[in-house]
Amino acid sequence: MRGRIGSQLVQYLALIFLTIALNFFLPRAMPGSPLARLAGEDIAMMSPEMRQEIMVRHGLDRPVYVQFGLYLRQLARGDLGHSFQRSAPVASIIAERLPWTLLLTTTALALQTALGVALGGWAAWRRGGSADYGTMALVMLCRSMPSFWIAMILLAVFGAGLGWFPMFGAFKPWLVGGDTLAAIVDVLRHMVLPVTSMVVLGTAETFMTMRYSMLDVLGEDYVRTARAKGLREAVVLYKHAGRNALLPVATVFMLSLGFAVSGATVIETVFAYPGMGRLMYEAVLGRDYPLLQGCFLVITLAVIAANIFADLLYPLVDPRVRLT
Amino acid sequence: MLGRGRGRRLVGLVTSVILLVGIGTAVLAAEAPGLRIGMHTEEGGITPYSYVTGYPGLPMVRMIYDTLFIMNADRTPIPWMVREYSVSDDGLTWTLKLHEGIYFHDGVPLTSADVAFSYTFMTQHGHGPWQRSLRGIKSVETPDEHTVVIHLERVLPLFLQVPLAEVVIIPAHIWQGVTEPATITNATGSGPYRLAEYQPGHFYRLEAHPNYFHPEKRPSVASIIVPIIPDATTMFMALKAGEIDMGTRDVPPEMVEELAGTEGLTVVTGPSYVSTLLVINNERPPFNQVDFRRALELAVDAQYLVDIIRLGQATAGSPGFVHPMAPWVQAVPGPVKQDLPGASRLLEGLGFVDRNADGRREDPQGNSFRQTIITSAERPERVRAAQIIADWFKQVGLDTVVQAIEHTTVAARVWPEFDVTKGRNFDLAVWGWSAGVQENPLNLWEVLHTRGTLNVGAFSDPAVDAVADRLREVTARDGFRPVVEELARTVAGKVPFLTLWYPDNAYAYREEAHAGWVYVRGHGILDKLSLLGPAVAPGGQGGLAGRGALPWVILAVVLAGAGVMVARRKRRS
């Protein structure tokens, strides 16, 4: 057991090092320079000496492998560096954005998983019927729509048209006179449209996984036995078959959970939501290497953490894993 | 003990009460008065060293920080912090008397020492336009608290504009000893508005400066909230729905009519000094031949592009590059008339002939020839222009393809590391220069001269260089006009690039929220001038406090709830 944990630890460390290296070298392989962000809008008028001074100040004049070595040393001290375009420590920028992204993505993930499980189970139960095909067609249609288009439709109808929900941001900066509860309700109202967009787009994966898993399970002997016992169909479906069909869904959920920290770039941009996706998009445009490296590292660690969590959780969900 | 059914009912009742109270409280939470300006970029801490873009970043900086002079609506410099001024006969010494009673936002009086400090500090620390603007200043003296004497190395004909109306004054008591200016987050200035709050990723909140010095012009809005809305469609929908009162984005031509027809919205349009070009790589054959470039010019109909792409909301580009409404000219050469047969004749004269009758001309050596237009994929207007232009080039037998790629990559190919000496990797590119390039006549030297820092196409012509050099010999503001006009005429025959159009800018706002918007020529309405006027009672209201912790609170509550549910189920089973 100790040996297995040790070898897994080595695997994860190797993976982290590899991704750190990729995260460092890939942004630098992109065409374009971060100089414009570092020097300001009048960079064209700067003398070569002034440009060089800026490059030296940010260590960009050194060979890339030396920069990589310095970056590793910096990481070892727990320092993610300083953003080129935001003039602030990368760690504090990520700390500002991460909770908003997590709030959005985990809510959407929970809802789309619940909806996908319910619809997938129901569709499998009605296999071959119009309900099955109709649900599948609807879910696939939603999945195939561009995310910005869904977001725009929701924005136009429920934001601009009916005025039911706020159209941008995570909260109303001009709201005064309420208390914490009012602030929470305000935050929740701002989540409705982006979360709905994400649920509409993201339900398909869970739906398909649940449907196929459920179809397998419904053919099992114990399901027939349950029916033969005279149990109600709903009990057979959700208590006997459903629980066992959930295992592949749990795997999909855990994988998605790891990527939850990366946010949803398009949705966050359309709804002006201050999350990680928008942050990374802006960092790519500005060739903000330290910020990109920081964001990618956090995502890597989150995915690895989710994998470890899934490894630990799976035996609890499926006792058969414990026995093997 | 409660039964399971009762327990559930109780939980449901409590949840409903909480939700109703929450929604009720949210409804009761009033909306603070103040102007709401949706901004399409995030500009860091809006200090002179942390803002990101020339627009809307720089106008925001100018609301917080004042300058000695200010550019008025027709872009002529007028005294601002300066009460009176005089210049020596040789034009090398300027004496400026400051108004009394100027205070920074933190209550510290602004003196001539702050002016001297700002100019010295910005000469030493380059970022944005500051360092370049201060070239030519020999020394700054402060004989008393309200007098600044500036000695120049040479006569600067635009001294009132650059640097006096450009370089902002920063407080010495905050910036003294700073070695890394970009890390400073304290945005204390002496401008009409102070930065009261900045929540990164969310919004800025500005409040009127209660002790603003100006005897006539005072902050005309008590509080300005600036939410960050990167997406254009979202911003315009929010404007239509009344969630914001003004958007910093230029309204695209296809939306002008729709927004103008929306009740409560006003759309104001005006010329912009921005220019959109088809840049030509003058280094690469056959683009290094003026007749080939002229053939390209004859194939393009700039007025058609204005009519189709800009829906008439632009001015067709002059072959002399200079904007016809720029303050330095009265007349510039008019747009070139499209002449496809003329373009074909020029190409044939150069040996570009379709030898194998496939509809595409081969080069003089008989090799197939293909040219590529690169353009920013993020700018649909430019992509459309590239496609239309490529069709015209195909009509005269030039095989042309369009590549729409990411903007930073286009910049890296046209202008590697923003240094024209680093070469270039393109044939043709749809490109643009910001308003500042047209506004300062000395920038024309940078665009058109062989050694110019903005000469991205590597254009070189001795006749143009000779006229451009004369720009640097002008000693009085009025002396630019004949030189600029001659430069425009000279350039027109050389085709360094094709000037496609100068867009008209359109901005939408809600008049009931604020009616004082001023269209500043060539720039737009987001300007300090728009937010000055009769005084208002100061004092905006802060929003609900502590929002940064809210997502954690909500996540914690949900997780705790889930934990309790799991534990209860476990106990039952």
# chains A, B, ... in the order shown; residues from 1 in each chain; ligands from 1
>>> select_by_dssp(residues="stretch 62-267 of chain A", states="helix (DSSP H, G or I)", output="ChimeraX atom specification")
/A:64-76,90-125,130-144,147-161,180-218,221-228,233-262,265-267
>>> residues_around(residues="B:Leu298", least_positions_apart="3", cutoff="12 Å", atoms="only C-alpha atoms", output="MDAnalysis selection string")
chainID B and resid 291:295 301:302 319 335:347 389 392:393 395:396 493 495 498
>>> closest_residue(among="B:Asp504, B:Asp106, B:Glu197, B:Asp358", to="chain A", atoms="only C-alpha atoms")
B:Glu197
>>> residues_around(residues="B:Gly270", least_positions_apart="3", cutoff="12 Å", atoms="only C-alpha atoms", output="PyMOL selection string")
chain B and resi 73-74+250-251+267+273-274+313-315+325+502-507+518-525
>>> write_last_selection(atoms="C-alpha atoms", output="PDB file, in the first residue's frame")
ATOM      1  CA  ALA B  73     -13.373  70.639 -27.281  1.00  0.00           C
ATOM      2  CA  ASP B  74     -11.741  71.749 -30.521  1.00  0.00           C
ATOM      3  CA  ASP B 250     -17.837  53.295 -30.061  1.00  0.00           C
ATOM      4  CA  VAL B 251     -21.280  52.325 -31.366  1.00  0.00           C
ATOM      5  CA  VAL B 267     -26.374  59.017 -29.926  1.00  0.00           C
ATOM      6  CA  TYR B 273      -8.617  61.041 -35.893  1.00  0.00           C
ATOM      7  CA  VAL B 274      -8.267  57.259 -35.945  1.00  0.00           C
ATOM      8  CA  GLN B 313     -20.128  56.878 -41.086  1.00  0.00           C
ATOM      9  CA  ALA B 314     -16.538  57.649 -41.980  1.00  0.00           C
ATOM     10  CA  THR B 315     -14.481  59.829 -44.270  1.00  0.00           C
ATOM     11  CA  MET B 325     -10.265  67.732 -40.511  1.00  0.00           C
ATOM     12  CA  TYR B 502     -11.158  57.752 -40.957  1.00  0.00           C
ATOM     13  CA  PRO B 503     -14.159  56.510 -38.974  1.00  0.00           C
ATOM     14  CA  ASP B 504     -16.761  58.750 -37.426  1.00  0.00           C
ATOM     15  CA  ASN B 505     -17.189  57.805 -33.801  1.00  0.00           C
ATOM     16  CA  ALA B 506     -20.618  57.360 -32.269  1.00  0.00           C
ATOM     17  CA  TYR B 507     -21.356  57.210 -28.550  1.00  0.00           C
ATOM     18  CA  VAL B 518     -19.099  67.206 -24.864  1.00  0.00           C
ATOM     19  CA  TYR B 519     -17.821  65.765 -28.146  1.00  0.00           C
ATOM     20  CA  VAL B 520     -14.111  66.453 -28.206  1.00  0.00           C
ATOM     21  CA  ARG B 521     -12.964  66.749 -31.793  1.00  0.00           C
ATOM     22  CA  GLY B 522     -11.253  63.629 -33.044  1.00  0.00           C
ATOM     23  CA  HIS B 523     -11.652  61.825 -29.707  1.00  0.00           C
ATOM     24  CA  GLY B 524     -15.211  61.365 -28.478  1.00  0.00           C
ATOM     25  CA  ILE B 525     -17.181  62.130 -25.329  1.00  0.00           C
TER      26      ILE B 525
END
>>> atom_distance(atom1="atom CA of B:Ala562", atom2="atom CA of A:Pro99")
18.4 Å
>>> select_by_dssp(residues="stretch 272-340 of chain B", states="strand (DSSP E or B)", output="PDB file with N, CA, C and O atoms, in the first residue's frame")
ATOM      1  N   SER B 272     -13.378  61.162 -36.084  1.00  0.00           N
ATOM      2  CA  SER B 272     -12.317  60.645 -35.223  1.00  0.00           C
ATOM      3  C   SER B 272     -10.995  60.746 -35.980  1.00  0.00           C
ATOM      4  O   SER B 272     -10.968  60.606 -37.199  1.00  0.00           O
ATOM      5  N   SER B 275      -7.211  56.246 -37.912  1.00  0.00           N
ATOM      6  CA  SER B 275      -7.135  55.952 -39.344  1.00  0.00           C
ATOM      7  C   SER B 275      -7.022  54.449 -39.564  1.00  0.00           C
ATOM      8  O   SER B 275      -6.372  53.747 -38.782  1.00  0.00           O
ATOM      9  N   THR B 276      -7.689  53.960 -40.608  1.00  0.00           N
ATOM     10  CA  THR B 276      -7.608  52.545 -40.985  1.00  0.00           C
ATOM     11  C   THR B 276      -6.884  52.462 -42.324  1.00  0.00           C
ATOM     12  O   THR B 276      -7.246  53.165 -43.266  1.00  0.00           O
ATOM     13  N   LEU B 277      -5.876  51.610 -42.371  1.00  0.00           N
ATOM     14  CA  LEU B 277      -4.988  51.581 -43.545  1.00  0.00           C
ATOM     15  C   LEU B 277      -4.852  50.169 -44.105  1.00  0.00           C
ATOM     16  O   LEU B 277      -5.085  49.188 -43.393  1.00  0.00           O
ATOM     17  N   LEU B 278      -4.431  50.101 -45.358  1.00  0.00           N
ATOM     18  CA  LEU B 278      -3.899  48.851 -45.887  1.00  0.00           C
ATOM     19  C   LEU B 278      -2.392  49.081 -45.967  1.00  0.00           C
ATOM     20  O   LEU B 278      -1.899  49.790 -46.855  1.00  0.00           O
ATOM     21  N   VAL B 279      -1.688  48.516 -45.004  1.00  0.00           N
ATOM     22  CA  VAL B 279      -0.240  48.724 -44.948  1.00  0.00           C
ATOM     23  C   VAL B 279       0.432  47.804 -45.966  1.00  0.00           C
ATOM     24  O   VAL B 279       0.033  46.653 -46.144  1.00  0.00           O
ATOM     25  N   ILE B 280       1.431  48.362 -46.651  1.00  0.00           N
ATOM     26  CA  ILE B 280       2.142  47.611 -47.686  1.00  0.00           C
ATOM     27  C   ILE B 280       3.581  47.397 -47.219  1.00  0.00           C
ATOM     28  O   ILE B 280       4.218  48.339 -46.728  1.00  0.00           O
ATOM     29  N   ALA B 314     -17.997  57.504 -41.952  1.00  0.00           N
ATOM     30  CA  ALA B 314     -16.538  57.649 -41.980  1.00  0.00           C
ATOM     31  C   ALA B 314     -16.209  58.605 -43.121  1.00  0.00           C
ATOM     32  O   ALA B 314     -17.071  58.957 -43.930  1.00  0.00           O
ATOM     33  N   THR B 315     -14.963  59.015 -43.163  1.00  0.00           N
ATOM     34  CA  THR B 315     -14.481  59.829 -44.270  1.00  0.00           C
ATOM     35  C   THR B 315     -13.508  58.970 -45.062  1.00  0.00           C
ATOM     36  O   THR B 315     -12.640  58.313 -44.463  1.00  0.00           O
ATOM     37  N   ALA B 316     -13.678  58.950 -46.376  1.00  0.00           N
ATOM     38  CA  ALA B 316     -12.789  58.130 -47.203  1.00  0.00           C
ATOM     39  C   ALA B 316     -11.354  58.625 -47.046  1.00  0.00           C
ATOM     40  O   ALA B 316     -11.106  59.831 -46.937  1.00  0.00           O
TER      41      ALA B 316
END
>>> residues_around(residues="A:Gly258", least_positions_apart="2", cutoff="12 Å", atoms="only C-alpha atoms", output="ChimeraX atom specification")
/A:102,105-106,109,251-256,260-263,298-310
>>> closest_residue(among="B:Arg132, B:His209, B:Lys138, B:His514", to="A:Met46", atoms="only C-alpha atoms")
B:Arg132
>>> residues_around(residues="A:Ala44", least_positions_apart="6", cutoff="9 Å", atoms="only C-alpha atoms", output="ChimeraX atom specification")
/A:36 /B:417-420,453-454
>>> closest_residue(among="B:Arg470, B:Arg83, B:Arg154, B:Arg205", to="B:Tyr193", atoms="only C-alpha atoms")
B:Arg205
>>> closest_residue(among="B:Phe69, B:Tyr198, B:Phe369, B:Trp328", to="chain A", atoms="only C-alpha atoms")
B:Tyr198
>>> atom_distance(atom1="atom CA of A:Phe171", atom2="atom CA of A:Val187")
5.1 Å
>>> residues_around(residues="B:Glu406", least_positions_apart="5", cutoff="12 Å", atoms="only C-alpha atoms", output="MDAnalysis selection string")
(chainID A and resid 30:32 284:286) or (chainID B and resid 374:380 383 411:413)
>>> atom_distance(atom1="atom CA of B:Ala238", atom2="atom CA of A:Met167")
6.6 Å
>>> closest_residue(among="A:Ala264, A:Met210, A:Ala131, A:Leu181", to="A:Pro194", atoms="only C-alpha atoms")
A:Ala264
>>> closest_residue(among="B:Thr183, B:Ser190, B:Thr142, B:Asn367", to="chain A", atoms="only C-alpha atoms")
B:Thr183
>>> residues_around(residues="stretch 268-282 of chain A", least_positions_apart="6", cutoff="7 Å", atoms="only C-alpha atoms", output="PyMOL selection string")
(chain A and resi 97-98+100-101+148+151+167-170+194+261-262+292+295) or (chain B and resi 201-202+228-231+234)
>>> decode(residues="stretch 256-295 of chain B", atoms="C-alpha atoms", output="PDB file, in the first residue's frame")
ATOM      1  CA  VAL B 256     -26.434  53.638 -34.498  1.00  0.00           C
ATOM      2  CA  GLU B 257     -29.983  53.839 -35.847  1.00  0.00           C
ATOM      3  CA  GLU B 258     -31.293  51.245 -33.388  1.00  0.00           C
ATOM      4  CA  LEU B 259     -29.795  52.959 -30.356  1.00  0.00           C
ATOM      5  CA  ALA B 260     -30.769  56.424 -31.549  1.00  0.00           C
ATOM      6  CA  GLY B 261     -34.357  55.192 -31.835  1.00  0.00           C
ATOM      7  CA  THR B 262     -34.407  53.818 -28.287  1.00  0.00           C
ATOM      8  CA  GLU B 263     -36.395  55.972 -25.898  1.00  0.00           C
ATOM      9  CA  GLY B 264     -34.169  57.896 -23.525  1.00  0.00           C
ATOM     10  CA  LEU B 265     -30.970  57.251 -25.469  1.00  0.00           C
ATOM     11  CA  THR B 266     -29.045  59.865 -27.380  1.00  0.00           C
ATOM     12  CA  VAL B 267     -26.374  59.017 -29.926  1.00  0.00           C
ATOM     13  CA  VAL B 268     -23.776  61.635 -30.721  1.00  0.00           C
ATOM     14  CA  THR B 269     -21.426  61.228 -33.657  1.00  0.00           C
ATOM     15  CA  GLY B 270     -18.349  63.077 -34.792  1.00  0.00           C
ATOM     16  CA  PRO B 271     -15.123  62.658 -36.702  1.00  0.00           C
ATOM     17  CA  SER B 272     -12.317  60.645 -35.223  1.00  0.00           C
ATOM     18  CA  TYR B 273      -8.617  61.041 -35.893  1.00  0.00           C
ATOM     19  CA  VAL B 274      -8.267  57.259 -35.945  1.00  0.00           C
ATOM     20  CA  SER B 275      -7.135  55.952 -39.344  1.00  0.00           C
ATOM     21  CA  THR B 276      -7.608  52.545 -40.985  1.00  0.00           C
ATOM     22  CA  LEU B 277      -4.988  51.581 -43.545  1.00  0.00           C
ATOM     23  CA  LEU B 278      -3.899  48.851 -45.887  1.00  0.00           C
ATOM     24  CA  VAL B 279      -0.240  48.724 -44.948  1.00  0.00           C
ATOM     25  CA  ILE B 280       2.142  47.611 -47.686  1.00  0.00           C
ATOM     26  CA  ASN B 281       5.469  45.922 -47.043  1.00  0.00           C
ATOM     27  CA  ASN B 282       7.647  48.283 -49.083  1.00  0.00           C
ATOM     28  CA  GLU B 283      10.712  46.085 -48.572  1.00  0.00           C
ATOM     29  CA  ARG B 284       9.330  43.032 -50.313  1.00  0.00           C
ATOM     30  CA  PRO B 285       9.198  42.806 -54.126  1.00  0.00           C
ATOM     31  CA  PRO B 286       7.067  43.660 -56.036  1.00  0.00           C
ATOM     32  CA  PHE B 287       5.631  46.007 -53.375  1.00  0.00           C
ATOM     33  CA  ASN B 288       8.890  47.952 -53.429  1.00  0.00           C
ATOM     34  CA  GLN B 289       7.914  49.324 -56.860  1.00  0.00           C
ATOM     35  CA  VAL B 290       5.844  52.463 -56.725  1.00  0.00           C
ATOM     36  CA  ASP B 291       3.907  51.502 -59.891  1.00  0.00           C
ATOM     37  CA  PHE B 292       2.850  48.219 -58.316  1.00  0.00           C
ATOM     38  CA  ARG B 293       1.669  50.074 -55.214  1.00  0.00           C
ATOM     39  CA  ARG B 294      -0.125  52.555 -57.464  1.00  0.00           C
ATOM     40  CA  ALA B 295      -1.884  49.669 -59.219  1.00  0.00           C
TER      41      ALA B 295
END
